[in-house]
Amino acid sequence: MNSTDAKTEVDAGRLSGMVTDWSADKQAFDMHWGKLMMWVFLLGDTFIFSLFLVGYMSVRMSAAEPWPPTSEIFAMELFGIHFPLLLIAIMTFILITSSGTMALAVNYGYRKDRKKTFLLILATALLGTSFVGLQAFEWTKLIVDEGIRPWGNPFGAEQFGAVFFMVTGFHGMHVTGGVIYLFIVANKVRRGGYDRDGYESVEIAGLYWHFVDLVWVFIFAFFYLW
Amino acid sequence: MILVIVLVLLVLGTLLFHFLSPWWFTPIASNWGSIDITIQITFWVTGFVFIAVNLFMAYAIYRHRFREGHKAHYEPENKKLEVWLTGLTALGVAAMLAPGLFVWADFVDTPEDASQVEIVGQQWHWTYRFPGEDGALGQTHPRFISEDNPFGIDPNDDAGQDDILIFNNELHLPEGKPVKALLRSKDVLHNFGVPQFRAKMDMLPGMVSYFWFEPTRQGRFDVVCMELCGMAHHAMRGQVVVETQEDFDQWLSSHPTFAATQSDSRADPERGASLYGVCASCHGQEGEGNRNMNAPKLSGLPPWYLERQLQFYKDGVRGSHEQDTYGQQMAGMMNTLSNRQAILDVSAYIAELPDSSAEATLEGDPQRGKRLFNNCSSCHGDNAEGNYATNAPPLAGQHDWYLKRQLENYKQGIRGSHKGDYYGTQMILMARTLHNEQAIDDVLTYINSL
Amino acid sequence: MNEATEQQHPIGIFLKVWLLLFVLSIFSYMVDYFQLQGYWRWSLILIFMVLKAALIMSVFMHFMWERFALQFILLTPLFAIAIFVVMMAWESDYIHWTRLAFLSFDSGG
Amino acid sequence: MKYTAIADQPVEMHEPSSFIGKYVWSQDHKVIAIQYSLTAVFVGLVALVLSGLMRLQLGFPDTFDFINPNSYLQFVTMHGMIMVVYLLTALLLGGFGNYLIPLMIGARDMAFPYLNMLSYWTYLLAVIVLLASFFVPGGPTGGGWTLYPPQTILRGTPGYDWGIIFMLVSLAIFIVAFTMGGLNYVTTILQARAPGMTLMRMPLTIWGIFIATIMGLLAFPALLVSAIMMLMDKIVGTSFFMPALVSLGETLDYSGGSPLLFQHLFWFFGHPEVYIVALPAFGMVSDVLATHARKNIFGYRMMVWAIVIIGALSFVVWAHHMYVSGMNPTFGFFFATTTLIIAVPTAIKVYNWVLTLWRGNIHLTVPMLFAIGFIFTFIHGGLSGLFLGNVVIDVPLSDTYFVVAHFHLVMGVSPIMVLFAAIYHWYPLITGRMFHNGLAKLHFWVTFLGTYSVFLPMHYLGFLGLPRRYFAMGETSFVPDSVASVNASITVAALIVALAQLVFLANLFWSLRHGPKAGHNPWGATSLEWQTPDVPPHHGNWGPEVPKVYRWAYSYSVPEVKADFIPQNLPPEEVIANEPADEQRERES
Ligand code: HEA
Ligand code: HEA
Ligand code: CUA
Ligand SMILES: [Cu+2]
């Protein structure tokens, strides 16, 4: 009898290099459940955004009409100087900044430094808000000034508008959701809720926020710079 | 115990069914015998597996059925056996895959000497285009599509001018010559399928797909649409006629080039008017139709429809069925229209007649009629105004007694069953959805109300 | 990671990475500003993108400090995406070709 | 362990007392499972009725007034979509996943009970939206369950405006529901196992559900993305999937989109989806076979790896559904190869099932009957899949009834067989009573023989070249008249089978009251769900102590042990002098 016991033990051991984790009982990862769930969720979300971008790639590569000159369309006059992609650059920087503040927030969270954590999360949320604001501005600019519509535009392939509004829109929704999420977390930090049940929740919120930033990195490269 | 017997019987039954059932591939009519061979190979491999595994299972169930006090054998695994089985299976797979890939390699590259034909799909018809002398097809785009240019050929593209247009669903091909079929769709997905050819492929809007084959047997084959394309998917039929090179050349030369269709000698209503005198005796001066003469209303019918029907009467496509007594009368009259030009002229004249609306003679349930008409509206239009694109004549305003007779003729195959009636065949399938006289009356009552 | 290890990440590294991200973003912006084209543009954009992504993921999201088991299970599925991307690029190229070959886009109408 | 699992909490979780808290807004995985199952079976029956209507038209054309070309296509579409997504996926994962995961791995509940509850109610919303599409103007969509644009959103296809919108929205909602549930299943299986329950000691059921869930989390995004894009094409007027085209004579202002893009996205979801419904069935059937053959599942590790490999491979075979779609023909080589490779791990599973029977001590109980029926139909369906997988053979057979026959045997019958096996197998645990054996046997024979006689002939109609999704064949030169009689007999068989399902449902409800008390672990199974202190298990499942696991789930007929099974949680020292287990056995048999 015990032979089989021993057996299955060994079997588990031979599974792979990740012996200890995969062959553990109870739980595979010594980790907060919420955090693991967030990771898995982000994996799925990665698929969503990747597939959006693949769709974008396909329509763009197979389009017979020329693709609109992105950097020109998003260019801006500032004090008479002509900046391509200025707005986008600013948005990018804002998002990165917010990512930084969030990273610090998580770190201070684990140091049980309630005040700093709260303020940093708040800063992150506010930066996020401004990002959404700028995006709204960008949309209006594109729709009103440039006359770009989801179903067409003066510059060329009509998928341009479609993809732009869909991808940035979907990302924008993620940011908005994230901002709300952050405000809730921040509030709980302020009330010291996490001193009781641990600061992992802050890290989890952080994971989500960094992911939103991560996605933007790809959108920036593929949509605006390509 | 019963289970064991049943399993064995099922295996045997399946085999018997396989060998005895009359339903099997249609006799092949193309060069793709290699596909059939691949299928045979697959049959032997899978057949063996099917029999072996199932009979073994049956035997196991019999041999090791529950017996009191008896205990099962404890064997967590058996490496050797599993490796063997995996290996054998891999072999079996390879045995099926390898030949398949070779045939596919053959399938994807078209021989140099293949002649081109473009097959155009639309809801729910087929049309075809052959390259002219220059051997090249002109470029196309949906934005060019119009009544005068149904193929959407680019008028500025010289290569297109001499393209030969087949504006009906019958395609002729020479025997023993490889053809590369270029597939294009005006609207949605379709699939040009001829079971006897084995090869088939979807056609999509916005791009061009292809496949090649070589007809190896003379005859007339049915084309079925093999990709869901909406309500009348099942009624999207066509014909392929494989014949000798001579017959083919002759058939091809009887069709107009694109240039010809553009510079069509326009019809002359005046001459039409004089010709119409004869028709007026039955159809009325205004073409309003006459029930006592069983003559339908002509005014309000578009020229393209009149031209087609008159041509059908002339060619005996319509009015040749012995039960179609009234049609025969009409066919008899056709000698008064000596040639194509006459047909064009008279059609042009009729098209100018003031449209009158016929009075209703039937009454049914318009609500039910409306529901039933739902199907018809896809082709004939929501207001039964007719639609050139779907080859559907206007129905509104026509005498309901006439429509009723035609529907019944369609249902019984009196009309539309002639192989030359490219569009009627579709109507047969559709008319059958009106299961009884009541249904017909209801639809017509609704049409009257339009 | 549980708290004990968590606190061992010094603030410093986050600040460094943060700075690095800014620099990289500036670079990738410059690529566009100086209107680099062709392979240069492409390779640079991608390099900067990958670097930024890697930094955010590994440091900010603590990915580099996670157990290999987790890293493994989170990264392997991306192969599916990779294959899909390749196939779709190839496919789109093919579609584009048939369009140019058979459909007419230039001349008016 | 720092993050204490609910599973470790020594005290029993408080049980909600109010009816509402207990049965409606319940967070108990078992109640949620029942809710999921009942809803799924309900829509499943709707789809079953639809299949009956389709068969009526095909068997006896031009006889029924309520079926016309439009409604036929609507029936086909809704039938397919409901069966695949709203019945099978929901029942296998939402239903059995929810019920069995915590019980089989020795947890007290799902990792996130609240999320779990939300998941169900979201699913219900999806179902409601779906059924609502029957009542919108124009009726539900008739574009086929594959929803290929352009036709799905163009005039000429039934339900081209409201129907399709409702369908897409419903799917989006379903995906949200599935994600909430899926995250739960994955986290629970990874983190909330009982002490001693290593991954390689989990029953194959859990493995099947586990991998299927991961696949779902990665495959559904593709459907979501394509649904969003199509909604934009339909409502906003974008052109993702819509090239310039002339629909029924009118030129629409779309341009530049690519219908093939949708097909790729759809099948990137669609193929994994078919294995999402297959893998849990594979897992459950393995456990049923082992239990009722009183024998350990043969080659457990191979079985686990087969599941994992199948799951992985199924993400790189999607375009085998598109061999004749007009895509780049060179893809054929790649996808034919990957597709046939999948046959190997699948084959291993089939062999191991059969070898599990070999030298077993087979009790032909009802669950066992269904399990064996599954093996038979799955082999047949799988083998017919190999025809289609081999790209050249697919060319003549694609979009014919051969395909219909293939996927019905392999999906419309096999997993359904497993579902029945599973329902009968776990019925005593869920309700505490035995079902009526005679009725159950009747149900099996009719369903097994009936479905086979429905779908075997369809293969041959496919060889003839009968296209699928055809309202009527009419006179066609290559179709002999005898086909009409085949179709008629298929229809009769199908209707009989459908009626047999009423026997099944009747049995379920009758036995609730009148079935003999099942007692504790009637099948003498080793896995944890049967070892709960009380049957049916209460809220929190385990009483004061969560079980401790000492061995894998297949210690049947172990040598030198008196009883022919050793529960996973039976301490080794008790095994040799295995009185308790032994008496148990006597009592049951
Ligand atoms: C549960 C669902 C399920 C499963 C498991 C499968 C399994 C398989 N399917 Fe199927 N399939 C569907 C559901 C499923 N399919 C559906 C729903 C469709 C239609 C969608 C639509 O268009 O509407 C479809 C359509 C479909 C097509 C597209 C046909 C077309 O539209 O033209 C193809 C083509 O490759 C295919 C192939 C396969 C293969 C190779 C397998 C393999 O995995 C089978 C493996 C199993 C075996 C091989 C049998 C057991 C093995 C042995 C007994 C060992 C011996 C074997 C050898 C020696 C080789 N399937
Ligand atoms: C799980 C999937 C599933 C199931 C179970 C079925 C069951 C049946 N289907 Fe199928 N069918 C599909 C999935 C399924 N189908 C799909 C995806 C399509 C393609 C749609 C499209 O082309 O777009 C299709 C299409 C399809 C067609 C082709 C229509 C056409 O192309 O024109 C036909 C024709 O006969 C048909 C018939 C049947 C019949 C007679 C049954 C059954 O009557 C056979 C017997 C079934 C059972 C015995 C199961 C009974 C019980 C339930 C299903 C519900 C209750 C469940 C529990 C209580 C657990 N179906
Ligand atoms: Cu055209 Cu189906
Ligand atoms: Cu598949």
# chains A, B, ... in the order shown; residues from 1 in each chain; ligands from 1
$ closest_atom_pairs --of "chain C" --to "chain B" --cutoff "6 Å" --atoms "only C-alpha atoms" --output "tab-separated table"
residue	atom	partner	partner_atom	distance
C:Thr98	CA	B:Val208	CA	5.9
C:Arg99	CA	B:Met207	CA	5.4
C:Phe102	CA	B:Gln139	CA	5.3
C:Leu103	CA	B:Thr140	CA	5.0
C:Ser104	CA	B:Gln139	CA	5.3
$ interface_residues --of "chain D" --to "chain A" --cutoff "7 Å" --atoms "only C-alpha atoms" --output "compact mmCIF listing (two decimals) with N, CA and C atoms, in the first residue's frame"
# COMPACT_ATOMS: atom_id res chain seq x y z
N TYR D 3 -0.71 32.54 4.41
CA TYR D 3 -2.08 32.85 3.95
C TYR D 3 -2.97 31.66 4.21
N LEU D 183 -11.59 32.40 -12.88
CA LEU D 183 -10.54 32.84 -11.94
C LEU D 183 -10.69 32.09 -10.63
N THR D 187 -7.83 29.63 -9.03
CA THR D 187 -7.24 29.96 -7.73
C THR D 187 -7.53 28.87 -6.72
N LEU D 190 -5.43 25.80 -7.31
CA LEU D 190 -4.00 26.00 -7.03
C LEU D 190 -3.75 26.22 -5.54
N GLN D 191 -4.67 26.90 -4.85
CA GLN D 191 -4.32 27.40 -3.52
C GLN D 191 -5.09 26.78 -2.37
N ALA D 192 -6.23 26.14 -2.64
CA ALA D 192 -7.09 25.79 -1.51
C ALA D 192 -7.19 24.28 -1.28
N ARG D 193 -6.16 23.53 -1.69
CA ARG D 193 -6.26 22.07 -1.57
C ARG D 193 -6.08 21.63 -0.12
N ALA D 194 -6.61 20.46 0.17
CA ALA D 194 -6.51 19.92 1.53
C ALA D 194 -5.07 19.50 1.80
N PRO D 195 -4.69 19.41 3.07
CA PRO D 195 -3.35 18.92 3.38
C PRO D 195 -3.15 17.55 2.77
N GLY D 196 -2.02 17.35 2.13
CA GLY D 196 -1.72 16.06 1.51
C GLY D 196 -2.19 15.96 0.07
N MET D 197 -3.07 16.90 -0.36
CA MET D 197 -3.61 16.83 -1.73
C MET D 197 -2.64 17.53 -2.68
N THR D 198 -1.71 16.77 -3.22
CA THR D 198 -0.80 17.36 -4.21
C THR D 198 -1.50 17.36 -5.57
N LEU D 199 -0.96 18.14 -6.50
CA LEU D 199 -1.58 18.19 -7.83
C LEU D 199 -1.67 16.79 -8.43
N MET D 200 -0.60 16.02 -8.26
CA MET D 200 -0.58 14.69 -8.89
C MET D 200 -1.37 13.66 -8.10
N LEU D 217 -10.12 30.87 -20.08
CA LEU D 217 -9.67 32.23 -19.75
C LEU D 217 -8.82 32.80 -20.88
N LEU D 218 -8.15 31.93 -21.63
CA LEU D 218 -7.29 32.43 -22.70
C LEU D 218 -8.00 32.45 -24.05
N PRO D 221 -11.21 35.58 -24.62
CA PRO D 221 -10.85 36.92 -25.10
C PRO D 221 -10.99 37.06 -26.61
N ALA D 222 -10.63 36.02 -27.36
CA ALA D 222 -10.73 36.13 -28.81
C ALA D 222 -12.18 36.36 -29.22
N VAL D 225 -13.19 39.95 -28.24
CA VAL D 225 -12.65 40.94 -29.18
C VAL D 225 -13.44 40.93 -30.48
N GLY D 237 -20.69 51.44 -37.53
CA GLY D 237 -20.42 51.56 -38.95
C GLY D 237 -18.95 51.48 -39.30
N THR D 238 -18.14 50.91 -38.38
CA THR D 238 -16.73 50.71 -38.72
C THR D 238 -16.59 49.57 -39.73
N SER D 239 -15.39 49.36 -40.23
CA SER D 239 -15.19 48.31 -41.24
C SER D 239 -14.08 47.36 -40.85
N PHE D 240 -14.19 46.72 -39.69
CA PHE D 240 -13.15 45.75 -39.33
C PHE D 240 -13.28 44.52 -40.21
N GLY D 256 -12.48 48.03 -47.01
CA GLY D 256 -11.15 47.67 -46.53
C GLY D 256 -11.12 46.64 -45.42
N GLY D 257 -12.28 46.25 -44.89
CA GLY D 257 -12.25 45.26 -43.82
C GLY D 257 -11.95 43.87 -44.36
N SER D 258 -11.72 42.91 -43.44
CA SER D 258 -11.36 41.58 -43.89
C SER D 258 -12.20 40.52 -43.15
N ARG D 551 -3.15 9.62 -0.18
CA ARG D 551 -2.80 8.87 -1.40
C ARG D 551 -3.58 9.43 -2.56
N TRP D 552 -3.24 8.93 -3.78
CA TRP D 552 -3.95 9.40 -4.97
C TRP D 552 -5.39 8.89 -4.97
N VAL D 558 -6.45 -2.51 -4.27
CA VAL D 558 -5.03 -2.57 -3.97
C VAL D 558 -4.72 -3.93 -3.34
$ select_by_dssp --residues "segment 44-290 of chain B" --states "alpha helix (DSSP H)" --output "PyMOL selection string"
chain B and resi 44-63+79-108+158-161+245-253+258-262+269-283
$ interface_residues --of "chain B" --to "chain D" --cutoff "6 Å" --atoms "only C-alpha atoms" --output "JSON, numbers by chain"
{"B": [23, 24, 25, 26, 57, 60, 64, 65, 66, 72, 73, 74, 76, 77, 100, 104, 142, 186, 187, 188, 195, 198, 199, 201, 202, 206, 209, 226, 230, 231, 234, 378, 389, 433]}
$ residues_around --residues "segment 121-130 of chain A" --least-positions-apart "6" --cutoff "8 Å" --atoms "only C-alpha atoms" --output "short mmCIF file (atom, residue, chain, number, x, y, z; two decimals) with C-alpha atoms, in the first residue's frame"
data_model
loop_
_atom_site.label_atom_id
_atom_site.label_comp_id
_atom_site.auth_asym_id
_atom_site.auth_seq_id
_atom_site.Cartn_x
_atom_site.Cartn_y
_atom_site.Cartn_z
CA ILE A 94 1.96 60.95 -16.97
CA LEU A 95 1.21 57.25 -17.03
CA THR A 97 4.91 58.80 -13.44
CA SER A 98 1.77 57.29 -12.02
CA SER A 99 3.35 53.85 -12.33
CA THR A 101 4.19 56.57 -7.55
CA MET A 102 2.22 53.34 -7.42
CA ALA A 105 3.02 53.19 -2.65
CA VAL A 175 -7.65 53.41 -16.69
CA THR A 176 -10.97 54.82 -15.50
CA GLY A 178 -8.33 51.61 -12.23
CA VAL A 179 -8.75 55.15 -10.93
CA ILE A 180 -11.97 54.24 -9.15
CA LEU A 182 -7.39 53.16 -6.52
CA PHE A 183 -9.60 55.69 -4.78
CA ALA A 186 -6.61 54.70 -0.91
#
$ interface_residues --of "chain C" --to "chain A" --cutoff "6 Å" --atoms "only C-alpha atoms" --output "ChimeraX atom specification"
/C:18,53,60-61,69,92,95-96
$ residues_around --residues "Leu44 of chain C" --least-positions-apart "5" --cutoff "10 Å" --atoms "only C-alpha atoms" --output "list in words"
Phe27, Ser28, Val31, Leu36, Tyr39, Met49 and Val50 of chain C
$ residues_near_ligand --ligand "ligand 2" --cutoff "6 Å" --atoms "only C-alpha atoms and all ligand atoms" --output "PDB file with N, CA and C atoms, in the first residue's frame"
ATOM      1  N   VAL D  41     -29.415  23.216 -18.056  1.00  0.00           N
ATOM      2  CA  VAL D  41     -30.273  22.156 -18.583  1.00  0.00           C
ATOM      3  C   VAL D  41     -31.515  22.767 -19.207  1.00  0.00           C
ATOM      4  N   GLY D  44     -30.605  24.072 -22.400  1.00  0.00           N
ATOM      5  CA  GLY D  44     -30.276  22.898 -23.197  1.00  0.00           C
ATOM      6  C   GLY D  44     -31.525  22.286 -23.791  1.00  0.00           C
ATOM      7  N   LEU D  45     -32.573  22.235 -22.998  1.00  0.00           N
ATOM      8  CA  LEU D  45     -33.816  21.660 -23.511  1.00  0.00           C
ATOM      9  C   LEU D  45     -34.388  22.539 -24.608  1.00  0.00           C
ATOM     10  N   LEU D  48     -32.639  21.634 -27.514  1.00  0.00           N
ATOM     11  CA  LEU D  48     -33.064  20.301 -27.950  1.00  0.00           C
ATOM     12  C   LEU D  48     -34.346  20.408 -28.761  1.00  0.00           C
ATOM     13  N   SER D  51     -33.565  21.583 -32.099  1.00  0.00           N
ATOM     14  CA  SER D  51     -33.027  20.544 -32.988  1.00  0.00           C
ATOM     15  C   SER D  51     -34.175  19.684 -33.509  1.00  0.00           C
ATOM     16  N   ARG D  55     -35.042  19.034 -37.393  1.00  0.00           N
ATOM     17  CA  ARG D  55     -35.171  17.688 -37.950  1.00  0.00           C
ATOM     18  C   ARG D  55     -36.519  17.531 -38.652  1.00  0.00           C
ATOM     19  N   VAL D  76     -31.208  26.682 -36.413  1.00  0.00           N
ATOM     20  CA  VAL D  76     -29.876  26.081 -36.479  1.00  0.00           C
ATOM     21  C   VAL D  76     -28.894  26.891 -35.638  1.00  0.00           C
ATOM     22  N   THR D  77     -28.917  28.203 -35.842  1.00  0.00           N
ATOM     23  CA  THR D  77     -27.948  29.051 -35.161  1.00  0.00           C
ATOM     24  C   THR D  77     -28.112  28.975 -33.660  1.00  0.00           C
ATOM     25  N   GLY D  80     -27.139  25.582 -32.193  1.00  0.00           N
ATOM     26  CA  GLY D  80     -25.703  25.364 -32.068  1.00  0.00           C
ATOM     27  C   GLY D  80     -25.103  26.192 -30.953  1.00  0.00           C
ATOM     28  N   MET D  83     -26.239  25.059 -27.415  1.00  0.00           N
ATOM     29  CA  MET D  83     -25.686  23.771 -27.013  1.00  0.00           C
ATOM     30  C   MET D  83     -24.220  23.900 -26.626  1.00  0.00           C
ATOM     31  N   VAL D  84     -23.443  24.603 -27.451  1.00  0.00           N
ATOM     32  CA  VAL D  84     -22.002  24.642 -27.208  1.00  0.00           C
ATOM     33  C   VAL D  84     -21.684  25.508 -25.999  1.00  0.00           C
ATOM     34  N   GLY D 144     -25.778  31.393 -38.463  1.00  0.00           N
ATOM     35  CA  GLY D 144     -24.956  30.244 -38.095  1.00  0.00           C
ATOM     36  C   GLY D 144     -24.223  30.544 -36.804  1.00  0.00           C
ATOM     37  N   TRP D 145     -23.930  29.477 -36.032  1.00  0.00           N
ATOM     38  CA  TRP D 145     -23.340  29.758 -34.710  1.00  0.00           C
ATOM     39  C   TRP D 145     -21.951  30.338 -34.885  1.00  0.00           C
ATOM     40  N   THR D 146     -21.367  30.199 -36.088  1.00  0.00           N
ATOM     41  CA  THR D 146     -20.055  30.790 -36.325  1.00  0.00           C
ATOM     42  C   THR D 146     -20.151  32.287 -36.596  1.00  0.00           C
ATOM     43  N   VAL D 404     -21.207  17.880 -39.831  1.00  0.00           N
ATOM     44  CA  VAL D 404     -22.280  17.847 -38.830  1.00  0.00           C
ATOM     45  C   VAL D 404     -22.217  16.536 -38.058  1.00  0.00           C
ATOM     46  N   HIS D 408     -21.240  16.230 -34.030  1.00  0.00           N
ATOM     47  CA  HIS D 408     -22.283  15.753 -33.123  1.00  0.00           C
ATOM     48  C   HIS D 408     -21.823  14.524 -32.361  1.00  0.00           C
ATOM     49  N   MET D 411     -19.091  15.885 -29.977  1.00  0.00           N
ATOM     50  CA  MET D 411     -19.468  16.932 -29.025  1.00  0.00           C
ATOM     51  C   MET D 411     -20.944  16.859 -28.656  1.00  0.00           C
ATOM     52  N   GLY D 412     -21.773  16.570 -29.610  1.00  0.00           N
ATOM     53  CA  GLY D 412     -23.210  16.584 -29.339  1.00  0.00           C
ATOM     54  C   GLY D 412     -23.672  15.304 -28.671  1.00  0.00           C
ATOM     55  N   VAL D 413     -22.826  14.257 -28.726  1.00  0.00           N
ATOM     56  CA  VAL D 413     -23.225  13.009 -28.082  1.00  0.00           C
ATOM     57  C   VAL D 413     -22.256  12.638 -26.963  1.00  0.00           C
ATOM     58  N   ILE D 416     -22.252  14.742 -23.871  1.00  0.00           N
ATOM     59  CA  ILE D 416     -23.582  14.622 -23.283  1.00  0.00           C
ATOM     60  C   ILE D 416     -23.693  13.289 -22.560  1.00  0.00           C
ATOM     61  N   LEU D 419     -22.065  13.710 -19.397  1.00  0.00           N
ATOM     62  CA  LEU D 419     -22.922  14.477 -18.494  1.00  0.00           C
ATOM     63  C   LEU D 419     -23.922  13.558 -17.823  1.00  0.00           C
ATOM     64  N   PHE D 420     -24.540  12.705 -18.619  1.00  0.00           N
ATOM     65  CA  PHE D 420     -25.513  11.796 -18.023  1.00  0.00           C
ATOM     66  C   PHE D 420     -24.818  10.866 -17.043  1.00  0.00           C
ATOM     67  N   THR D 447     -30.963   6.615 -25.670  1.00  0.00           N
ATOM     68  CA  THR D 447     -30.073   7.696 -26.052  1.00  0.00           C
ATOM     69  C   THR D 447     -28.890   7.177 -26.853  1.00  0.00           C
ATOM     70  N   THR D 451     -28.960   8.100 -30.684  1.00  0.00           N
ATOM     71  CA  THR D 451     -28.058   9.122 -31.248  1.00  0.00           C
ATOM     72  C   THR D 451     -27.161   8.505 -32.307  1.00  0.00           C
ATOM     73  N   ARG D 468     -24.437  21.486 -45.485  1.00  0.00           N
ATOM     74  CA  ARG D 468     -25.091  21.757 -44.209  1.00  0.00           C
ATOM     75  C   ARG D 468     -25.822  23.092 -44.303  1.00  0.00           C
ATOM     76  N   ARG D 469     -26.623  23.386 -43.289  1.00  0.00           N
ATOM     77  CA  ARG D 469     -27.353  24.643 -43.210  1.00  0.00           C
ATOM     78  C   ARG D 469     -28.246  24.852 -44.444  1.00  0.00           C
ATOM     79  N   TYR D 470     -28.752  23.730 -44.968  1.00  0.00           N
ATOM     80  CA  TYR D 470     -29.661  23.799 -46.105  1.00  0.00           C
ATOM     81  C   TYR D 470     -31.088  23.578 -45.608  1.00  0.00           C
ATOM     82  N   ALA D 494     -34.252  10.910 -33.951  1.00  0.00           N
ATOM     83  CA  ALA D 494     -33.920  12.082 -33.136  1.00  0.00           C
ATOM     84  C   ALA D 494     -35.067  12.424 -32.198  1.00  0.00           C
ATOM     85  N   VAL D 497     -35.176  10.037 -29.336  1.00  0.00           N
ATOM     86  CA  VAL D 497     -34.120  10.374 -28.372  1.00  0.00           C
ATOM     87  C   VAL D 497     -34.552  11.565 -27.532  1.00  0.00           C
ATOM     88  N   ALA D 498     -35.056  12.573 -28.209  1.00  0.00           N
ATOM     89  CA  ALA D 498     -35.457  13.771 -27.469  1.00  0.00           C
ATOM     90  C   ALA D 498     -36.495  13.414 -26.413  1.00  0.00           C
TER      91      ALA D 498
END
$ interface_residues --of "chain C" --to "chain D" --cutoff "12 Å" --atoms "only C-alpha atoms" --output "VMD selection string"
chain C and resid 1 to 4 69 to 70 73 to 74 76 to 100 103 to 105
$ write_last_selection --atoms "C-alpha atoms" --output "mmCIF file, in the first residue's frame"
data_model
loop_
_atom_site.group_PDB
_atom_site.id
_atom_site.type_symbol
_atom_site.label_atom_id
_atom_site.label_comp_id
_atom_site.auth_asym_id
_atom_site.auth_seq_id
_atom_site.Cartn_x
_atom_site.Cartn_y
_atom_site.Cartn_z
ATOM 1 C CA MET C 1 6.180 37.076 -2.080
ATOM 2 C CA ASN C 2 5.261 37.576 1.513
ATOM 3 C CA GLU C 3 5.968 40.684 3.543
ATOM 4 C CA ALA C 4 9.295 39.537 4.932
ATOM 5 C CA ALA C 69 6.712 28.364 -11.174
ATOM 6 C CA LEU C 70 4.537 31.466 -11.456
ATOM 7 C CA ILE C 73 2.877 29.528 -16.019
ATOM 8 C CA LEU C 74 2.317 33.200 -16.833
ATOM 9 C CA THR C 76 4.248 30.162 -21.589
ATOM 10 C CA PRO C 77 0.719 30.995 -22.795
ATOM 11 C CA LEU C 78 2.150 33.951 -24.665
ATOM 12 C CA PHE C 79 3.515 31.490 -27.220
ATOM 13 C CA ALA C 80 -0.050 31.014 -28.432
ATOM 14 C CA ILE C 81 -0.278 34.755 -29.047
ATOM 15 C CA ALA C 82 3.103 34.780 -30.742
ATOM 16 C CA ILE C 83 2.026 32.105 -33.208
ATOM 17 C CA PHE C 84 -1.249 33.892 -33.836
ATOM 18 C CA VAL C 85 0.570 37.152 -34.533
ATOM 19 C CA VAL C 86 2.913 35.502 -37.027
ATOM 20 C CA MET C 87 0.094 33.713 -38.819
ATOM 21 C CA MET C 88 -2.073 36.813 -38.992
ATOM 22 C CA ALA C 89 0.788 38.953 -40.309
ATOM 23 C CA TRP C 90 1.359 36.378 -43.014
ATOM 24 C CA GLU C 91 -2.339 36.172 -43.771
ATOM 25 C CA SER C 92 -2.836 39.926 -43.980
ATOM 26 C CA ASP C 93 0.085 40.113 -46.348
ATOM 27 C CA TYR C 94 -1.573 37.507 -48.558
ATOM 28 C CA ILE C 95 -4.927 39.329 -48.501
ATOM 29 C CA HIS C 96 -3.190 42.578 -49.347
ATOM 30 C CA TRP C 97 -1.528 40.895 -52.293
ATOM 31 C CA THR C 98 -4.762 39.487 -53.718
ATOM 32 C CA ARG C 99 -6.360 42.906 -53.365
ATOM 33 C CA LEU C 100 -3.660 44.679 -55.311
ATOM 34 C CA LEU C 103 -9.165 44.590 -57.318
ATOM 35 C CA SER C 104 -8.837 48.086 -58.703
ATOM 36 C CA PHE C 105 -8.216 50.888 -56.260
#
$ residues_near_ligand --ligand "ligand 3" --cutoff "6 Å" --atoms "only C-alpha atoms and all ligand atoms" --output "ChimeraX atom specification"
/B:124,190,225-229,233,236
$ residues_around --residues "Arg415 of chain B" --least-positions-apart "5" --cutoff "8 Å" --atoms "only C-alpha atoms" --output "VMD selection string"
chain B and resid 318 to 319 321 324 406 409 to 410 424 428
